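Asks: I am sharing coords_21.cif, which consists of mmCIF, C-alpha atoms and all ligand atoms:
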data_model
#
loop_
_atom_site.label_atom_id
_atom_site.label_comp_id
_atom_site.auth_asym_id
_atom_site.auth_seq_id
_atom_site.Cartn_x
_atom_site.Cartn_y
_atom_site.Cartn_z
CA MET A 210 0.00 0.00 0.00
CA MET A 211 1.21 3.49 -0.74
CA ASN A 212 1.80 5.74 2.20
CA ASN A 213 0.47 9.26 2.31
CA LYS A 214 3.80 10.74 1.36
CA HIS A 215 3.86 8.76 -1.87
CA THR A 216 0.30 9.58 -2.69
CA LEU A 217 1.07 13.23 -2.22
CA LYS A 218 4.10 13.00 -4.48
CA ILE A 219 2.13 11.33 -7.25
CA VAL A 220 -0.67 13.85 -7.00
CA THR A 221 1.79 16.73 -7.11
CA LEU A 222 3.57 15.24 -10.09
CA ALA A 223 0.29 14.56 -11.87
CA SER A 224 -0.95 18.07 -11.33
CA SER A 225 2.27 19.62 -12.54
CA LEU A 226 2.19 17.50 -15.69
CA VAL A 227 -1.45 17.33 -16.56
CA LEU A 228 -3.51 19.80 -14.64
CA PRO A 229 -2.28 23.06 -16.15
CA THR A 230 -3.60 22.15 -19.57
CA ILE A 231 -6.75 20.42 -18.39
CA ALA A 232 -7.60 22.99 -15.75
CA VAL A 233 -7.28 26.01 -18.03
CA SER A 234 -9.00 24.74 -21.13
CA GLY A 235 -12.60 25.71 -21.51
CA GLU A 236 -15.10 27.01 -23.97
CA VAL A 237 -15.97 30.52 -24.98
CA GLU A 238 -19.15 31.27 -26.82
CA VAL A 239 -18.80 34.60 -28.57
CA LEU A 240 -21.61 36.59 -30.11
CA HIS A 241 -20.71 38.99 -32.92
CA TRP A 242 -21.98 40.25 -36.27
CA TRP A 243 -18.75 40.02 -38.23
CA THR A 244 -19.82 38.03 -41.26
CA ALA A 245 -18.60 40.13 -44.24
CA GLY A 246 -15.28 39.18 -45.92
CA GLY A 247 -12.87 41.40 -43.96
CA GLU A 248 -14.86 41.00 -40.75
CA ALA A 249 -14.86 37.20 -40.89
CA LYS A 250 -11.10 37.15 -41.48
CA SER A 251 -10.64 39.38 -38.45
CA VAL A 252 -12.70 37.37 -36.01
CA ALA A 253 -11.03 34.15 -37.21
CA VAL A 254 -7.78 35.54 -35.74
CA LEU A 255 -9.32 35.59 -32.27
CA LYS A 256 -10.73 32.09 -32.68
CA ASP A 257 -7.29 30.78 -33.70
CA MET A 258 -5.55 32.46 -30.80
CA MET A 259 -8.03 30.99 -28.32
CA GLU A 260 -7.68 27.52 -29.83
CA GLN A 261 -3.89 27.80 -29.62
CA GLN A 262 -4.35 28.23 -25.88
CA GLY A 263 -6.32 24.99 -25.72
CA HIS A 264 -9.77 26.53 -25.50
CA SER A 265 -12.67 25.83 -27.78
CA TRP A 266 -14.54 28.57 -29.59
CA LYS A 267 -18.27 28.39 -30.11
CA ASP A 268 -19.10 30.87 -32.81
CA PHE A 269 -22.34 32.79 -32.32
CA ALA A 270 -22.48 34.96 -35.43
CA VAL A 271 -25.66 36.88 -36.19
CA ALA A 272 -25.45 38.51 -39.62
CA GLY A 273 -26.55 42.10 -40.12
CA GLY A 274 -24.36 45.19 -40.43
CA GLY A 275 -24.45 47.60 -37.52
CA GLY A 276 -25.52 44.76 -35.21
CA GLU A 277 -29.25 45.42 -34.71
CA SER A 278 -30.20 41.77 -35.30
CA ALA A 279 -27.35 40.57 -33.11
CA MET A 280 -28.59 42.70 -30.23
CA THR A 281 -32.13 41.35 -30.58
CA VAL A 282 -30.90 37.76 -30.48
CA LEU A 283 -28.63 38.54 -27.51
CA LYS A 284 -31.53 39.92 -25.49
CA THR A 285 -33.55 36.73 -26.01
CA ARG A 286 -30.63 34.54 -24.94
CA ALA A 287 -29.74 36.60 -21.89
CA VAL A 288 -33.31 36.91 -20.68
CA SER A 289 -33.74 33.13 -20.88
CA GLY A 290 -30.75 32.79 -18.52
CA ASN A 291 -28.32 31.49 -21.11
CA PRO A 292 -25.99 34.32 -22.16
CA PRO A 293 -22.82 33.71 -24.20
CA SER A 294 -19.39 34.17 -22.53
CA ALA A 295 -18.84 37.41 -24.39
CA ALA A 296 -20.80 39.52 -26.84
CA GLN A 297 -19.96 42.36 -29.17
CA ILE A 298 -21.59 45.19 -27.23
CA LYS A 299 -20.64 48.81 -27.64
CA GLY A 300 -20.79 52.21 -26.02
CA HIS A 301 -23.83 53.04 -23.96
CA ASP A 302 -25.20 49.53 -24.34
CA ILE A 303 -22.41 48.33 -22.04
CA GLN A 304 -23.80 50.54 -19.28
CA GLU A 305 -27.33 49.34 -19.99
CA TRP A 306 -26.29 45.65 -19.68
CA GLY A 307 -24.21 46.49 -16.59
CA ASN A 308 -27.15 48.20 -14.92
CA LEU A 309 -29.26 45.09 -15.49
CA GLY A 310 -26.64 43.05 -13.59
CA PHE A 311 -25.65 40.72 -16.44
CA LEU A 312 -21.94 41.49 -16.67
CA THR A 313 -18.90 40.21 -14.80
CA THR A 314 -15.86 42.15 -13.63
CA LEU A 315 -12.54 41.79 -15.44
CA ASP A 316 -10.59 43.87 -12.96
CA ASP A 317 -8.06 41.17 -12.03
CA VAL A 318 -7.07 40.74 -15.70
CA ALA A 319 -7.11 44.52 -16.19
CA LYS A 320 -4.75 45.08 -13.27
CA LYS A 321 -2.30 42.38 -14.32
CA GLU A 322 -2.26 43.60 -17.91
CA LYS A 323 -2.18 47.31 -16.97
CA TRP A 324 -5.18 48.26 -19.10
CA ASP A 325 -5.46 51.65 -17.37
CA SER A 326 -2.07 52.68 -18.70
CA ILE A 327 -2.11 51.09 -22.17
CA LEU A 328 -5.53 52.46 -23.16
CA PRO A 329 -6.63 56.05 -23.80
CA SER A 330 -9.04 57.39 -21.19
CA VAL A 331 -11.70 58.14 -23.83
CA VAL A 332 -11.82 54.34 -24.25
CA THR A 333 -11.54 53.12 -20.65
CA LYS A 334 -14.52 55.28 -19.67
CA VAL A 335 -16.71 53.31 -22.05
CA MET A 336 -15.44 49.90 -20.87
CA LYS A 337 -16.07 50.41 -17.16
CA HIS A 338 -19.34 50.08 -15.33
CA LYS A 339 -19.35 51.72 -11.89
CA GLY A 340 -15.54 51.76 -11.98
CA ASP A 341 -15.09 48.06 -12.92
CA TYR A 342 -13.95 46.81 -16.29
CA VAL A 343 -16.80 44.75 -17.75
CA ALA A 344 -15.78 45.02 -21.41
CA VAL A 345 -12.62 44.91 -23.50
CA PRO A 346 -12.05 47.17 -26.50
CA VAL A 347 -10.91 45.60 -29.75
CA ASN A 348 -10.17 48.55 -31.99
CA VAL A 349 -10.97 52.11 -32.95
CA HIS A 350 -12.97 52.61 -36.13
CA ARG A 351 -13.18 56.00 -37.76
CA VAL A 352 -16.67 56.39 -39.18
CA ASN A 353 -16.33 59.64 -41.17
CA TRP A 354 -14.56 58.24 -44.20
CA LEU A 355 -15.15 58.47 -47.93
CA TRP A 356 -13.98 55.57 -50.13
CA ALA A 357 -13.48 56.27 -53.80
CA ASN A 358 -12.55 54.52 -57.01
CA PRO A 359 -9.87 56.70 -58.72
CA VAL A 360 -10.58 55.31 -62.19
CA VAL A 361 -14.27 56.18 -62.01
CA LEU A 362 -13.45 59.65 -60.68
CA GLU A 363 -11.00 60.23 -63.51
CA LYS A 364 -13.34 58.96 -66.21
CA SER A 365 -16.00 61.32 -64.87
CA GLY A 366 -13.65 64.29 -64.65
CA ALA A 367 -14.37 64.43 -60.94
CA THR A 368 -12.18 64.92 -57.89
CA VAL A 369 -12.43 63.80 -54.28
CA PRO A 370 -15.00 66.13 -52.67
CA THR A 371 -13.72 68.27 -49.81
CA SER A 372 -17.05 69.58 -48.50
CA MET A 373 -20.68 68.57 -48.84
CA ASP A 374 -21.21 71.43 -51.31
CA ASP A 375 -18.31 70.11 -53.36
CA PHE A 376 -19.75 66.59 -53.05
CA PHE A 377 -22.84 67.68 -55.00
CA VAL A 378 -20.70 69.24 -57.74
CA GLN A 379 -18.55 66.10 -58.13
CA ALA A 380 -21.48 63.69 -57.78
CA GLU A 381 -23.30 65.50 -60.59
CA LYS A 382 -20.33 64.97 -62.92
CA ILE A 383 -20.14 61.27 -62.01
CA LYS A 384 -23.87 60.80 -62.58
CA LYS A 385 -23.64 62.52 -65.99
CA ALA A 386 -20.76 60.20 -66.92
CA GLY A 387 -23.10 57.22 -66.35
CA TYR A 388 -21.83 55.91 -63.03
CA ILE A 389 -23.51 55.60 -59.66
CA ALA A 390 -22.05 58.48 -57.67
CA LEU A 391 -22.63 57.06 -54.20
CA ALA A 392 -22.87 53.37 -53.34
CA HIS A 393 -25.37 53.03 -50.55
CA GLY A 394 -27.44 50.42 -48.82
CA GLY A 395 -30.86 51.59 -47.68
CA GLN A 396 -30.86 50.29 -44.11
CA PRO A 397 -31.51 52.55 -41.10
CA TRP A 398 -27.96 52.29 -39.71
CA GLN A 399 -26.41 53.09 -43.11
CA ASP A 400 -28.75 56.07 -43.57
CA ALA A 401 -27.71 57.21 -40.08
CA THR A 402 -24.02 56.80 -40.97
CA ILE A 403 -24.37 59.25 -43.87
CA PHE A 404 -26.59 61.55 -41.84
CA GLU A 405 -24.02 61.90 -39.07
CA ALA A 406 -21.25 62.59 -41.60
CA VAL A 407 -23.32 65.41 -43.09
CA ALA A 408 -24.09 66.65 -39.57
CA LEU A 409 -20.41 66.69 -38.66
CA ASP A 410 -19.65 68.93 -41.65
CA VAL A 411 -22.62 71.27 -41.25
CA LEU A 412 -22.77 71.51 -37.44
CA GLY A 413 -19.07 71.29 -36.64
CA SER A 414 -17.74 69.19 -33.75
CA LYS A 415 -19.09 71.39 -30.97
CA ASP A 416 -22.70 71.42 -32.11
CA TYR A 417 -22.48 67.78 -33.22
CA ARG A 418 -21.67 66.97 -29.59
CA LYS A 419 -24.46 69.22 -28.32
CA ALA A 420 -26.94 67.47 -30.58
CA PHE A 421 -25.99 63.81 -30.24
CA VAL A 422 -24.25 63.61 -26.86
CA ASP A 423 -26.01 66.29 -24.81
CA LEU A 424 -29.28 65.86 -26.74
CA ASN A 425 -29.69 69.64 -26.72
CA MET A 426 -33.18 70.49 -28.02
CA THR A 427 -32.17 73.88 -29.41
CA VAL A 428 -29.49 72.37 -31.65
CA LEU A 429 -31.60 69.31 -32.56
CA SER A 430 -34.41 71.48 -33.86
CA GLY A 431 -32.40 74.56 -34.90
CA PRO A 432 -31.65 76.14 -38.29
CA LYS A 433 -28.33 74.31 -38.70
CA MET A 434 -30.09 70.98 -38.23
CA VAL A 435 -32.55 72.04 -40.95
CA GLU A 436 -29.52 72.57 -43.19
CA VAL A 437 -28.24 69.09 -42.28
CA PHE A 438 -31.56 67.56 -43.38
CA THR A 439 -31.60 69.68 -46.55
CA LYS A 440 -28.16 68.43 -47.63
CA PHE A 441 -28.89 64.88 -46.50
CA LYS A 442 -31.96 64.89 -48.74
CA ARG A 443 -29.90 65.96 -51.75
CA VAL A 444 -27.59 62.96 -51.25
CA HIS A 445 -30.54 60.78 -52.23
CA ASP A 446 -30.28 62.13 -55.81
CA TYR A 447 -26.93 60.38 -56.17
CA ILE A 448 -27.70 56.84 -55.03
CA ASP A 449 -29.23 54.17 -57.28
CA SER A 450 -32.77 52.85 -57.17
CA ASN A 451 -31.63 49.38 -56.07
CA SER A 452 -30.20 50.63 -52.81
CA PRO A 453 -33.09 49.68 -50.45
CA GLY A 454 -32.06 46.79 -48.23
CA ARG A 455 -28.60 46.45 -49.75
CA ASP A 456 -25.87 45.31 -47.34
CA TRP A 457 -22.99 47.72 -46.73
CA ASN A 458 -20.36 45.31 -48.06
CA VAL A 459 -22.29 44.90 -51.31
CA ALA A 460 -22.17 48.70 -51.61
CA THR A 461 -18.41 48.59 -51.00
CA SER A 462 -18.01 46.00 -53.74
CA MET A 463 -19.69 48.43 -56.17
CA VAL A 464 -16.84 50.88 -55.51
CA ILE A 465 -14.26 48.09 -55.79
CA ASN A 466 -15.56 46.91 -59.17
CA GLY A 467 -16.05 50.38 -60.63
CA GLU A 468 -19.83 50.42 -60.77
CA ALA A 469 -19.93 53.30 -58.30
CA ALA A 470 -17.51 56.11 -57.53
CA MET A 471 -17.80 56.60 -53.77
CA GLN A 472 -19.13 55.30 -50.48
CA ILE A 473 -19.44 57.11 -47.15
CA MET A 474 -18.78 54.43 -44.56
CA GLY A 475 -16.61 53.60 -41.55
CA ASP A 476 -13.25 51.95 -42.12
CA TRP A 477 -14.62 48.42 -41.81
CA ALA A 478 -15.10 49.11 -45.55
CA LYS A 479 -11.31 49.05 -45.83
CA GLY A 480 -11.47 45.47 -44.59
CA GLU A 481 -13.38 44.66 -47.78
CA PHE A 482 -10.82 46.40 -50.03
CA THR A 483 -8.02 44.55 -48.20
CA ALA A 484 -9.78 41.19 -48.49
CA ALA A 485 -10.12 41.86 -52.25
CA GLY A 486 -6.34 42.45 -52.46
CA LYS A 487 -6.69 46.19 -53.16
CA VAL A 488 -4.06 48.73 -52.16
CA PRO A 489 -4.91 52.24 -50.92
CA GLY A 490 -3.54 55.11 -52.95
CA THR A 491 -3.41 52.88 -56.05
CA ASP A 492 -6.63 50.90 -56.34
CA TYR A 493 -8.76 53.06 -54.09
CA ILE A 494 -8.74 56.32 -52.19
CA CYS A 495 -9.55 56.89 -48.54
CA ALA A 496 -10.38 60.48 -47.62
CA PRO A 497 -12.24 62.17 -44.78
CA ALA A 498 -16.01 62.31 -45.38
CA PRO A 499 -16.63 65.60 -47.23
CA GLY A 500 -15.89 68.62 -45.05
CA THR A 501 -14.69 66.64 -42.01
CA GLU A 502 -10.92 66.80 -42.33
CA GLY A 503 -9.30 66.85 -38.89
CA GLN A 504 -12.51 65.56 -37.30
CA PHE A 505 -12.90 62.01 -36.08
CA THR A 506 -16.16 60.22 -35.39
CA PHE A 507 -15.12 57.26 -33.26
CA ASN A 508 -16.69 53.84 -33.00
CA ILE A 509 -15.01 51.42 -30.63
CA ASP A 510 -15.78 47.73 -31.00
CA SER A 511 -15.74 45.88 -27.74
CA PHE A 512 -16.73 42.65 -26.10
CA ALA A 513 -18.69 42.72 -22.87
CA PHE A 514 -18.31 39.70 -20.61
CA PHE A 515 -21.26 37.93 -19.03
CA ASP A 516 -21.53 36.53 -15.53
CA LEU A 517 -21.66 32.78 -16.20
CA GLY A 518 -23.46 30.30 -14.02
CA ASP A 519 -20.95 27.64 -15.07
CA LYS A 520 -17.67 28.61 -13.39
CA SER A 521 -15.62 26.03 -15.36
CA ASN A 522 -15.37 28.38 -18.31
CA GLU A 523 -14.28 31.41 -16.33
CA GLN A 524 -10.58 30.91 -17.08
CA ALA A 525 -11.29 30.71 -20.80
CA GLN A 526 -13.27 33.92 -20.48
CA LYS A 527 -10.33 35.65 -18.78
CA ASP A 528 -7.91 34.38 -21.41
CA LEU A 529 -10.20 35.79 -24.10
CA ALA A 530 -10.18 39.18 -22.39
CA ARG A 531 -6.38 39.15 -22.04
CA THR A 532 -5.74 37.97 -25.61
CA ILE A 533 -7.79 40.79 -27.14
CA LEU A 534 -5.40 43.43 -25.83
CA THR A 535 -2.15 41.65 -26.68
CA LYS A 536 -0.02 43.46 -29.26
CA ASP A 537 -0.05 40.42 -31.56
CA PHE A 538 -3.81 40.26 -31.71
CA GLN A 539 -4.20 44.02 -32.01
CA GLU A 540 -1.91 44.06 -35.01
CA ILE A 541 -3.30 41.16 -37.06
CA PHE A 542 -6.92 41.84 -36.21
CA ASN A 543 -6.81 45.51 -37.11
CA LEU A 544 -4.84 44.93 -40.31
CA ASN A 545 -7.76 42.79 -41.46
CA LYS A 546 -10.57 44.84 -39.97
CA GLY A 547 -9.60 48.25 -41.37
CA SER A 548 -9.55 49.86 -37.93
CA ILE A 549 -6.60 51.03 -35.85
CA PRO A 550 -5.33 49.35 -32.69
CA VAL A 551 -6.85 50.62 -29.48
CA ARG A 552 -3.46 50.48 -27.72
CA LEU A 553 -1.46 53.61 -28.33
CA ASP A 554 1.93 51.92 -27.80
CA MET A 555 1.85 49.86 -30.99
CA ASP A 556 4.40 49.56 -33.76
CA MET A 557 2.40 50.79 -36.77
CA SER A 558 4.96 49.85 -39.45
CA LYS A 559 2.73 47.21 -41.05
CA PHE A 560 -0.25 49.56 -41.36
CA ASP A 561 -1.19 51.40 -44.57
CA GLN A 562 -1.61 55.13 -45.16
CA CYS A 563 -5.33 55.13 -44.31
CA ALA A 564 -4.61 53.59 -40.90
CA LEU A 565 -1.71 56.00 -40.28
CA ASP A 566 -3.96 58.96 -41.19
CA SER A 567 -6.62 57.59 -38.90
CA MET A 568 -4.18 57.22 -35.99
CA ALA A 569 -2.76 60.72 -36.53
CA THR A 570 -6.24 62.26 -36.68
CA PHE A 571 -7.38 60.22 -33.65
CA LYS A 572 -4.57 61.79 -31.62
CA SER A 573 -4.81 65.34 -33.01
CA SER A 574 -8.61 65.47 -32.79
CA ALA A 575 -8.47 64.45 -29.12
CA LYS A 576 -6.49 67.66 -28.51
CA SER A 577 -8.49 69.98 -30.77
CA GLY A 578 -11.93 68.91 -29.52
CA ASP A 579 -12.76 67.25 -32.84
CA LEU A 580 -12.92 63.70 -31.50
CA VAL A 581 -16.63 62.91 -31.30
CA PRO A 582 -18.52 59.68 -30.59
CA SER A 583 -20.55 58.12 -33.37
CA MET A 584 -24.31 58.40 -32.95
CA ALA A 585 -25.00 55.89 -35.73
CA HIS A 586 -22.82 53.25 -34.05
CA GLY A 587 -24.05 53.60 -30.49
CA LEU A 588 -21.20 55.55 -28.95
CA SER A 589 -22.84 58.91 -28.36
CA THR A 590 -26.08 58.14 -26.63
CA THR A 591 -28.45 55.46 -25.34
CA SER A 592 -29.96 52.86 -27.63
CA TYR A 593 -33.34 54.54 -27.00
CA ALA A 594 -32.27 57.96 -28.27
CA GLN A 595 -30.32 56.33 -31.09
CA GLY A 596 -33.41 54.34 -32.13
CA ALA A 597 -35.51 57.51 -32.11
CA ILE A 598 -32.97 59.30 -34.33
CA TYR A 599 -32.76 56.31 -36.71
CA ASP A 600 -36.54 56.36 -37.22
CA VAL A 601 -36.72 60.06 -38.05
CA VAL A 602 -33.65 59.93 -40.31
CA THR A 603 -34.74 56.85 -42.27
CA ASN A 604 -38.34 57.97 -42.72
CA PHE A 605 -37.13 61.34 -43.93
CA PHE A 606 -34.59 59.88 -46.36
CA ASN A 607 -37.19 57.61 -47.93
CA ASP A 608 -39.93 60.18 -48.30
CA LYS A 609 -39.52 62.35 -51.39
CA SER A 610 -41.86 65.03 -50.09
CA ALA A 611 -40.42 65.20 -46.56
CA ASP A 612 -39.73 68.70 -45.29
CA PRO A 613 -36.35 69.46 -43.63
CA THR A 614 -37.78 72.01 -41.19
CA LYS A 615 -40.44 69.60 -40.00
CA ALA A 616 -37.82 66.82 -39.80
CA ALA A 617 -35.61 68.83 -37.42
CA ASP A 618 -38.61 69.49 -35.24
CA LYS A 619 -39.57 65.81 -35.32
CA LEU A 620 -36.00 64.86 -34.46
CA ALA A 621 -36.02 66.95 -31.29
CA ARG A 622 -39.42 65.65 -30.23
CA ALA A 623 -38.48 62.02 -30.90
CA VAL A 624 -35.26 62.35 -28.90
CA LYS A 625 -37.09 64.04 -26.04
CA SER A 626 -39.58 61.22 -25.77
CA ALA A 627 -36.68 58.72 -25.63
CA MET A 628 -34.82 60.52 -22.82
C1 LIG B 701 -19.22 47.78 -36.15
C2 LIG B 701 -18.17 47.24 -37.07
C3 LIG B 701 -18.83 46.47 -38.19
C4 LIG B 701 -19.88 47.33 -38.88
C5 LIG B 701 -20.60 46.65 -40.01
C6 LIG B 701 -20.26 48.56 -36.92
O1 LIG B 701 -21.27 49.00 -36.06
O2 LIG B 701 -18.66 48.60 -35.19
O3 LIG B 701 -17.27 46.41 -36.40
O4 LIG B 701 -17.85 46.04 -39.10
O5 LIG B 701 -20.84 47.74 -37.92
O6 LIG B 701 -21.21 45.50 -39.58
#
Translate this structure into C-alpha cells?
Ligand code: BGC
Replies:
Amino acid sequence: MMNNKHTLKIVTLASSLVLPTIAVSGEVEVLHWWTAGGEAKSVAVLKDMMEQQGHSWKDFAVAGGGGESAMTVLKTRAVSGNPPSAAQIKGHDIQEWGNLGFLTTLDDVAKKEKWDSILPSVVTKVMKHKGDYVAVPVNVHRVNWLWANPVVLEKSGATVPTSMDDFFVQAEKIKKAGYIALAHGGQPWQDATIFEAVALDVLGSKDYRKAFVDLNMTVLSGPKMVEVFTKFKRVHDYIDSNSPGRDWNVATSMVINGEAAMQIMGDWAKGEFTAAGKVPGTDYICAPAPGTEGQFTFNIDSFAFFDLGDKSNEQAQKDLARTILTKDFQEIFNLNKGSIPVRLDMDMSKFDQCALDSMATFKSSAKSGDLVPSMAHGLSTTSYAQGAIYDVVTNFFNDKSADPTKAADKLARAVKSAM
C-alpha cells in the first residue's frame, strides 16, 4: 500500500504535468456580427488564438451590419438565462447591460495587464461600469470616411469632394458620366451613418456633440439641423434605385468593381478592399467624409463579458479578455478589420496610409476637440435615443416630399420622448 507521502508525491507530479492544460482549457461562446469578408477574417484571428491556448470557440455569429439583429438575439438569450461568454456590445449599451446586472468584472485581468495605462481614457470610460472593467475594447474605427474609385473619378472628370457642397458638384459629374455616384445600402444604420457625416460637416464638432451627446433640443431642432436635413436629402439624388435593403459590403463591392464612384462608410469598408487584395492610394482612395478633415467620429468595437453560471469556463473567459489586448492580436486583427489598434503603444509599421492617417487624426482630434462619438454606431447616446434618431432619419430619407424644417422638429421631439 502506498503511504500518504507517496500519494502526495504522485498527485503533485500529476498536477504539474497534466492539470495546467486540463484545468485552463474551456469554452468561450462569442456573439458577434462580423460576417462580411474582412470582418470574418478578423474574427477568425481571435478564434485561432483561443484555440492555440487549448480553449474551444463556439461561434455565435448573427449577420446584419451595424448589429441590430445581433442585439435582438442577444436579449432573447440573456433573458432566458443562457448568455454567451462574451458579446460584441458597444458604447452606452455596455452601461445598460451592466445596470441590469448581467456582466462580470474583469478587474483582475485589467490590473495584471495594466489596461489603465495602455488604453486612452476616452476608451476606458466606455469599458467600465461603476468603476469596474466589464468590457474589453478591440479597436478604434473612424466612421467619417469616404472611399473612392480613382478610375471612375477620372473617367468622370471628378475629384475627391472636400465639402458637402463640393460633393454635390462632383457627384453630378459622375452621374452625368453614367456611373452611380454614391454606393449606398438603404438600411436605417447606413442612412444614419451618412446623416451623421453630413451633420459633422454642417454643425461642426461642438454642435455635433451638443446634438448627439447632450441631446440639446435647441441644436436638434435649430436652423443648422434644418440645413443638415436639406443636404442629406440631396444625397438621395446620387444613389441608385436598387439601394433599399442592400448590405454595406455589397455597396463597398460596387466601388471596388467600378460600378460606383464613392461610399461614405466607416473603415470596416477598408477590410473589404483589403480582403479583395486592393491597395490604398493605387486601387482606391480613402479620404475624410466631405468637409470633415481633422474631425474624427469614433466607433469602438468591444466585447462585454457575461456573468456565467458555469464557473468552469471562467478561465477561458479571462484568457479571451487578455488575448484581445495583446499586441499580436491588435496588429493582425486591425490589419484585417480596417480599424486602428486601441493600444497607443503599438508599432504601426505594417499599417497602410489610411490607418496612419486615422491614428494621426485620432490623436490630433483628441487635442483639438474634434474627437466625437458616433451616434450611428451607439457611442454617443443610449440605444433609446439612437433608435428615435434612426426612425426620423430613415423615414425622412425615404420620403420624397419630406420637409427638412419639419424633420428637425420631429427629431427633437423624438429624442425628447426617448430621454
Ligand atoms: C461595427 C463594425 C462592423 C460594422 C458593419 C459597426 O457598427 O462597429 O465592427 O464592421 O458595424 O457590420
Asks: Quick check, in Å to one decimal: how far apart do CA of Ser372 (chain A) and CA of Ala401 (chain A) lie?
Replies: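 Those two atoms sit 18.4 Å apart.
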Asks: When the cut-off is 8 Å and you count only C-alpha atoms and all ligand atoms, which residues lie near ligand LIG 701 (chain B), shown as a ChimeraX atom specification?
Replies: /A:242-245,248,273-276,299,350,457,475,477-478,508-510,546,585-587
Asks: Pick the closest to Leu534 (chain A) from A:Val488, A:Leu255, A:Ala597, A:Val464: which is it, counting all atoms listed in the file?
Replies: A:Leu255
Asks: Find the residue from A:Phe515, A:Phe605, A:Tyr599, A:Phe505 that sits nearest to Met568 (chain A); use only C-alpha atoms when measuring.
Replies: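 Smallest distance to Met568 (chain A) is found for A:Phe505.
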Asks: Compile the contact shell of Met555 (chain A) as a list in words: residues with an atom at most 10 Å away, counting all atoms listed in the file, same-chain residues fewer than 2 positions apart removed.
Replies: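 Close residues of Met555 (chain A): Ile327, Lys536, Asp537, Gln539, Glu540, Ile549, Pro550, Val551, Arg552, Leu553, Met557 and Ser558 of chain A.
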Asks: Nearest to Thr506 (chain A) among A:Pro489, A:Pro582, A:Gly246, A:Pro346, with distances taken over all atoms listed in the file: which residue is it?
Replies: A:Pro582
Asks: For region 606-609 of chain A, list every protein, DNA or RNA residue within 8 Å, evaluated using all atoms listed in the file, and leave out those in the same chain fewer than 6 positions away; present the list as a PDB file with C-alpha atoms, keeping the file's coordinate frame.
Replies:
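Ended up saving to selection.pdb:
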ATOM      1  CA  ASP A 400     -28.750  56.070 -43.570  1.00  0.00           C
ATOM      2  CA  PHE A 441     -28.890  64.880 -46.500  1.00  0.00           C
ATOM      3  CA  LYS A 442     -31.960  64.890 -48.740  1.00  0.00           C
ATOM      4  CA  HIS A 445     -30.540  60.780 -52.230  1.00  0.00           C
TER       5      HIS A 445
END
Asks: Just checking: using only C-alpha atoms, which residue out of A:His393, A:Tyr593, A:Ile303, A:Leu315 ends up closest to Ser450 (chain A)?
Replies: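 Closest residue, counting only C-alpha atoms: A:His393.
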Asks: Just checking: using all atoms listed in the file, which residue out of A:Ala287, A:Lys440, A:Leu429, A:Lys520 ends up closest to Glu236 (chain A)?
Replies: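 Checking each candidate against Glu236 (chain A), we get A:Lys520 as the closest.
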Asks: Which is closer to Tyr388 (chain A) than all the others in A:Thr371, A:Ser610, A:Asn466, A:Thr313, using all atoms listed in the file?
Replies: A:Asn466
Asks: Need the shell around Glu436 (chain A): protein/DNA/RNA residues with any atom at most 10 Å away, counting all atoms listed in the file. Skip same-chain ones fewer than 2 positions apart. Format as a ChimeraX atom specification?
Replies: /A:407-408,411-412,431-434,438-442,613-614,617
Asks: Export, as a compact mmCIF listing (two decimals), in the frame of the given file, the selected residues with C-alpha atoms.
Replies:
# COMPACT_ATOMS: atom_id res chain seq x y z
CA VAL A 407 -23.32 65.41 -43.09
CA ALA A 408 -24.09 66.65 -39.57
CA VAL A 411 -22.62 71.27 -41.25
CA LEU A 412 -22.77 71.51 -37.44
CA GLY A 431 -32.40 74.56 -34.90
CA PRO A 432 -31.65 76.14 -38.29
CA LYS A 433 -28.33 74.31 -38.70
CA MET A 434 -30.09 70.98 -38.23
CA PHE A 438 -31.56 67.56 -43.38
CA THR A 439 -31.60 69.68 -46.55
CA LYS A 440 -28.16 68.43 -47.63
CA PHE A 441 -28.89 64.88 -46.50
CA LYS A 442 -31.96 64.89 -48.74
CA PRO A 613 -36.35 69.46 -43.63
CA THR A 614 -37.78 72.01 -41.19
CA ALA A 617 -35.61 68.83 -37.42
Asks: Keeping N, CA and C atoms, write region 551-560 of chain A of the structure just shown out as a tab-separated table (two decimals), in the first residue's frame.
Replies:
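result09.tsv was written with the following content:
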chain	number	residue	atom	x	y	z
A	551	VAL	N	-6.35	49.76	-30.55
A	551	VAL	CA	-6.85	50.62	-29.48
A	551	VAL	C	-5.73	50.94	-28.49
A	552	ARG	N	-4.65	50.16	-28.53
A	552	ARG	CA	-3.46	50.48	-27.72
A	552	ARG	C	-2.68	51.57	-28.44
A	553	LEU	N	-2.18	52.52	-27.67
A	553	LEU	CA	-1.46	53.61	-28.33
A	553	LEU	C	0.05	53.34	-28.41
A	554	ASP	N	0.48	52.21	-27.82
A	554	ASP	CA	1.93	51.92	-27.80
A	554	ASP	C	2.32	50.87	-28.84
A	555	MET	N	1.63	50.89	-29.98
A	555	MET	CA	1.85	49.86	-30.99
A	555	MET	C	2.85	50.30	-32.05
A	556	ASP	N	3.56	49.32	-32.59
A	556	ASP	CA	4.40	49.56	-33.76
A	556	ASP	C	3.45	49.55	-34.97
A	557	MET	N	3.39	50.67	-35.69
A	557	MET	CA	2.40	50.79	-36.77
A	557	MET	C	3.03	50.52	-38.15
A	558	SER	N	4.25	49.94	-38.16
A	558	SER	CA	4.96	49.85	-39.45
A	558	SER	C	4.26	48.98	-40.49
A	559	LYS	N	3.41	48.05	-40.06
A	559	LYS	CA	2.73	47.21	-41.05
A	559	LYS	C	1.44	47.83	-41.57
A	560	PHE	N	1.04	48.97	-40.99
A	560	PHE	CA	-0.25	49.56	-41.36
A	560	PHE	C	-0.13	50.48	-42.57
